[in-house]
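Here is the structure we will look at, set down as structure tokens.
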Amino acid sequence: MRLIPACGVPNVAQPLLQVDDLRTYFGTPYGIARAVDGVSFVLEHGETLALVGESGCGKSMTALSIMQLVPEPAGYIDGGRILFEGKDLLDLTWNQMRQVRGNDIAMIFQEPMTSLNGTRTIGWQLVEAMEVHGKASGHAAQHRALELLTRVGLEQPTLVLRQYPHELSGGMRQRVLIAMALANEPKLLIADEPTTALDVTIQAQILDLMRDLQRALGMSMLLITHDLGIVAKMAQHVAVMYAGQIVEYAPTQHLFRQPCHPYTRGLFASLPSRYRRGVDLATLEGVVPQATNWPRACRFEPRCPYHWGTCMQMPPRMLGTAPGHTVRCHLYDPTVADRLSLDTLRHRGGDVVKAIGQTPEAEANA
Amino acid sequence: MTTLFPLLQNVLPLVIVALVVWVVVHARQQPLWAEAYRRLARNPLAMMALGVICLYGLITVLDSLQWRDTTTEEPKTVLDRLFAHVPQERTYSAPLATMTTGEPQLHAVQGWHLLGTDGNGKDVLYQALKGCRTAMIIGGFTSLLVTPLALLFGMSAGYFGRRVDDAVQYTYTVLSSIPDILLLIALLLVFGHGLDKLCYALGITSWVGLCRLVRGETLKHREREYVRAARALGVSPLRILARHILPNLLPLVIISITLGFSGLVLAESILSYLGIGVEAGTGSWGNMIDAARLELAREPVVWWNLAAASTALFLIVLAFNLFGDALRDALDPRLRST
């Protein structure tokens, strides 16, 4: 039980992870790339938060910043706070941070094929994961390794223990990596696109496994993905990232019922749906702008079908539209005088509707 | 080498042989290395090269085990004793000749000399065999000096980057910008002559290549997912270097050492030929070639001296090059699969 230093009262309501205004920058020959630029979110005990966005939007860098494994020497954390159980991880020394990694916070990477050391047996690598934090050694570690492999659903765990990574399939390796991440019973698991590199048939298995284990162990999970299907299956909360910022933050159900930000709507519109059979899938025109040169005001403005003058002059604020649902868009800002009403926009013209599509709710009604 | 305690001098070669055998046997128990060994065993050329290397190694061991002679009180090696009954001639004699050459009054040759005799009437085969030990010590001892040095500097430069990398890179760039031969001559002037000093000098000039290779490979492996995963598990940098990156570098390092070995043997010969190699008393192919150089001008031409030394040199260099290439073929598929 941890105490708040100031008052000395056990803090039950304290979230497991609270990220405040995190800024991770990269020094590049073309200027400073603001890969993560003022990201804030809260992750409660036992909850799953999904970070969603296109490649290059800074979701992986957010995860690496929490682990403080930002690629050096170009990358650095410029500012912000990462409160894990109330203490700021950015204040920890290098060695203290090493104790947190793998012990309190574990991470699963995207590529199961290359995330294991090819020259060592699975058993050796599992035992090392435990030995590093002094959790177990010798026979106890061997025994626990076997137990972990059984737990992640590998058949013939005694055989796998003696095998090398190249003898296992991608799905088996991802299971081994999950076992390694769970070896020290972390409080937070960061999964960076854990199923992207796997076959579709294996993806569901791995996701089910992760969800079951999370429930059994009471872990929190930060799930990084670009797949809205995975979000619906796994997460209680969603943060949609675009160009280094969170543009929409909501409970999963709420977001799926009522996506607000034009970018989020674009994401939903580009999903195949049985209600739009025979219609071309909508695409978001353009690409994510360069991280060294984000648009001045609204970062989505160049690709946004709703944009108008204000969008190029004033950066939008993060404002609540419903309880727990916040959006970074002028459309939802009552103080922006010249904002267009959503209704006008809906009837503005066929091209806009085609680009943005309809909300899933509207589709269901149709 | 004469400064070593006599008993140690006899034990050392046996220990080295035992160590090599132990390492090979131990490695064969590991599935990954066993696979590489099987691939190597299927390559007849590699096995022939290995045979030649083993033969040279055997001669080296025979020439290293020594004890005092009862009559002369001089230490004699097993090889010396094997050739003890070969008589010394008056002067040159061609291979398997019955008469000497090069003197006004020809004499009958007393013994049987497969490769003839030199100007002092000494058996050329014996001299060529004496050169084995020098060559193997130069190659082996220098590799032994160079490898830990190159691994230490290369891996820390590649992994830690920044100042460490700058320091290491600066050091080897400066070293490699001086012509090797000039640097060797300068170093040998400072150190003085001798087999061990030659090894140190060669070590200083030859660690650069391996260090560069190790640095580059470490840079590559540092960004690999498995290293990032290990870091995310909280593994310390030293442990990552020693237990994750090093095993992945090992095949490349072994290949590089094997191919570098022949270069070292050649370098010794070149230095001896220039007169700055090992002492004249120590049997060495470089010294033999240096001595034979003048004899080519004789009439009739005394060629067997030069031919024997060159062939001995050629065989071991070729064997090491062939074996190194085969080793690369055997180890590389494994590298690709990871």
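Chain identifiers are assigned as A, B, and so on, following the order in which chains appear in the structure tokens; residues are numbered from 1 within each chain, and ligands are numbered from 1 in order of appearance.
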
- [ ] Please determine the contact residues of chain B with respect to chain A at a cut-off of 9 Å, counting only C-alpha atoms, and supply them as a PyMOL selection string.
- [x] chain B and resi 31-32+161-162+223-236+244-245+247-248+335+337-338

Task: strand (DSSP E) positions in region 239-336 of chain A, given as a PyMOL selection string - done: chain A and resi 239-242+245-251+318-322+325-328

TODO: Using CA of Ala141 (chain A) and CA of Leu238 (chain B) as the two end points, give the distance in Å to one decimal.
DONE: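 One can read the CA of Ala141 (chain A) to CA of Leu238 (chain B) distance as 21.8 Å.
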
Open item on the list: Give me the residues near Val253 (chain B) as a PyMOL selection string, where near means some atom within 9 Å (using only C-alpha atoms) and where sequence neighbours in that chain fewer than 6 positions away do not count.
Closed with: chain B and resi 147+151+210+213-214

TODO: Calculate how many Å separate CA of Ile32 (chain A) from CA of His221 (chain B), rounding to one decimal.
DONE: 26.5 Å

- [ ] Name all residues at most 9 Å from Ala128 (chain B) (count only C-alpha atoms; drop same-chain ones fewer than 3 positions away) and give them as a PyMOL selection string.
- [x] chain B and resi 123-125+131-132+283-285+288+305+308-309+312

Task: Selected residue, from A:Leu89, A:Ile202, A:Val238, A:Leu16, that lies nearest to Val52 (chain A) when counting only C-alpha atoms - done: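 Ranking A:Leu89, A:Ile202, A:Val238, A:Leu16 by distance to Val52 (chain A), first place goes to A:Val238.
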
Open item on the list: Would you pick out the contacts of region 289-302 of chain A at 7 Å or less, using only C-alpha atoms, so that residues sharing its chain but fewer than 3 positions from it are not included, and give the list as JSON, numbers by chain?
Closed with: {"A": [30, 31, 32, 33, 34, 35, 243, 307, 311, 312, 313, 314, 315, 316]}

Task: Contact residues around region 258-275 of chain B with only C-alpha atoms at 6 Å, ignoring same-chain residues under 5 positions, as number ranges by chain - done: B: 135, 139, 286-287, 290, 317, 321, 324

- [ ] Please provide as a list of chain:residue names all residues within 9 Å of Lys197 (chain B), with the sequence filter that same-chain residues fewer than 4 positions apart are discarded (counting only C-alpha atoms).
- [x] B:Leu187, B:Leu188, B:Phe191, B:Gly192, B:His193, B:Ala201, B:Leu202, B:Val278

- [ ] Quote the spacing between CA of Ile82 (chain A) and CA of Pro194 (chain A) in Å to one decimal place.
- [x] 22.9 Å
